[in-house]
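The structure appears right after this line, and notes come after that.
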Amino acid sequence: MPSINEHIDIEVADVADSGNAWTSQDFVDHYYNGGGRGVAVRETGYLRNIVAQYMSEVGERMKNHIARIARGHPNRTFSDDFYNTYDMTGIVFSIGDTTIGGRFTGTCVSEFGILTVSGQFEFYLNDEFADPIDIGIELFGDPYPITDEWTRSFSGQVYADPSRSSFG
Ligand SMILES: [Ca+2]
């Protein structure tokens, strides 16, 4: 059996923010003056840092997730969904706890006990800004969605046999 250096690499790339970072007051002003218009995270200037923190938290888990799903789909396409809540308070208080999820889709070529995988992630962030004075009702303001989307590619090689593999 051939041996390999197992690896799954997720594309490393910065996402671009499109404006100066919003202050807490900017988030509140939009609540009172924005008429509920949705805001992209990149508009608030925080997407790059949120994506970087998220990827550093979940990257290794994602690689194991890909290996597990790929093993069930030799010489086929594979995909799976995921989402969870992440604390981004350290980056931007007004976003705080936020839902990030997505889906990966890929192909798995199986040969000589080795799986060669490649594919794409589609990520989303889904949040809402509401009730800034925390009294349980919306006075004079309009809650607004805070969302964004980004993608990453991945590729790698792992052993098909999980007992031989460091992924899974
Ligand atoms: Ca939030």
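Residue numbers start at 1 in each chain; chains themselves are named A, B, ... in the order of the structure tokens; ligands are numbered from 1 in the order shown.
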Test item: residues at most 8 Å from stretch 50-63 of chain A, only C-alpha atoms, excluding those fewer than 6 positions along its chain, as an mmCIF file with C-alpha atoms, in the first residue's frame:
```cif
data_model
loop_
_atom_site.group_PDB
_atom_site.id
_atom_site.type_symbol
_atom_site.label_atom_id
_atom_site.label_comp_id
_atom_site.auth_asym_id
_atom_site.auth_seq_id
_atom_site.Cartn_x
_atom_site.Cartn_y
_atom_site.Cartn_z
ATOM 1 C CA ILE A 8 -6.659 18.567 3.806
ATOM 2 C CA ASP A 9 -6.003 22.198 2.922
ATOM 3 C CA ILE A 10 -8.663 24.872 3.106
ATOM 4 C CA ASP A 14 -8.886 37.352 3.174
ATOM 5 C CA VAL A 15 -12.387 38.604 2.532
ATOM 6 C CA TYR A 86 -20.109 31.721 17.704
ATOM 7 C CA MET A 88 -17.775 37.425 18.140
ATOM 8 C CA ILE A 91 -14.378 41.588 17.509
ATOM 9 C CA PHE A 167 -8.431 12.501 9.999
ATOM 10 C CA GLY A 168 -11.947 11.541 10.896
#
```
Within 7 Å of ligand 1, which residues of chain A come that close, and what is the closest atom pair and distance in Å for each? Count only C-alpha atoms and all ligand atoms and give it as a Markdown table.
```
| residue | atom | partner | partner_atom_place_in_ligand_line | distance |
| --- | --- | --- | --- | --- |
| A:Ser94 | CA | ligand 1 | 1 (Ca) | 6.8 |
| A:Ile95 | CA | ligand 1 | 1 (Ca) | 4.2 |
| A:Gly96 | CA | ligand 1 | 1 (Ca) | 4.6 |
| A:Asp97 | CA | ligand 1 | 1 (Ca) | 4.3 |
| A:Thr98 | CA | ligand 1 | 1 (Ca) | 4.4 |
| A:Asp127 | CA | ligand 1 | 1 (Ca) | 5.3 |
| A:Glu128 | CA | ligand 1 | 1 (Ca) | 6.0 |
| A:Phe129 | CA | ligand 1 | 1 (Ca) | 6.7 |
```
Would you mind exporting the chosen residues as a PDB file, in the first residue's frame, restricted to C-alpha atoms?
```pdb
ATOM      1  CA  SER A  94     -22.963  44.813  18.358  1.00  0.00           C
ATOM      2  CA  ILE A  95     -22.791  41.496  16.502  1.00  0.00           C
ATOM      3  CA  GLY A  96     -21.835  39.444  19.570  1.00  0.00           C
ATOM      4  CA  ASP A  97     -23.186  35.884  19.395  1.00  0.00           C
ATOM      5  CA  THR A  98     -23.885  35.055  15.781  1.00  0.00           C
ATOM      6  CA  ASP A 127     -27.755  37.696  12.533  1.00  0.00           C
ATOM      7  CA  GLU A 128     -30.115  40.483  13.537  1.00  0.00           C
ATOM      8  CA  PHE A 129     -29.697  43.740  15.386  1.00  0.00           C
TER       9      PHE A 129
END
```
Practice prompt. List every residue of stretch 30-148 of chain A that DSSP, applied to the backbone, labels as alpha helix (DSSP H), and write the result as a count of residues only.
Written response: 33
Worksheet item: Given the choices A:Pro74, A:Ser153, A:Pro143, A:Gly36, which gets closest to A:Glu11 if the distance is worked out from only C-alpha atoms?
Response: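 Closest residue, counting only C-alpha atoms: A:Ser153.
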Worksheet entry | Nearest candidate to A:Glu138 (options A:Phe104, A:Tyr32, A:Asn84, A:Phe27; using only C-alpha atoms) |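 Of A:Phe104, A:Tyr32, A:Asn84, A:Phe27, the one nearest A:Glu138 is A:Tyr32, counting only C-alpha atoms.
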Practice prompt. Could you tell me which of A:Val39, A:Val12, A:Ile100, A:Val117 comes closest to A:Arg68 if we count only C-alpha atoms?
Written response: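 Of A:Val39, A:Val12, A:Ile100, A:Val117, the one nearest A:Arg68, counting only C-alpha atoms, is A:Val117.
Shortest separation to A:Val92 among A:Asn5, A:Thr151, A:Thr44, A:Ser166 occurs at residue A:Thr44, atoms counted being only C-alpha atoms.
Comparing A:Ala16, A:Val28, A:Cys108, A:Met1 by their smallest distance to A:Ile133, the closest is A:Val28 (using only C-alpha atoms).
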Practice prompt. Rank nothing, just name the residue among A:Asn33, A:Asn126, A:Thr105, A:Ser3 nearest to A:Thr85, using only C-alpha atoms.
Written response: A:Asn126
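As for atom CA of A:Thr89 and atom CA of A:Phe140, they are spaced 25.4 Å apart.
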Worksheet item: A:Gly19: which residues within 8 Å, counting only C-alpha atoms, same-chain residues fewer than 2 positions away excluded, as an MDAnalysis selection string?
Response: chainID A and resid 17 21 42:45
Fill in: Shell around A:Val41 at 6 Å using only C-alpha atoms, local window under 3 positions removed, as number ranges by chain
A: 44, 47, 147-148
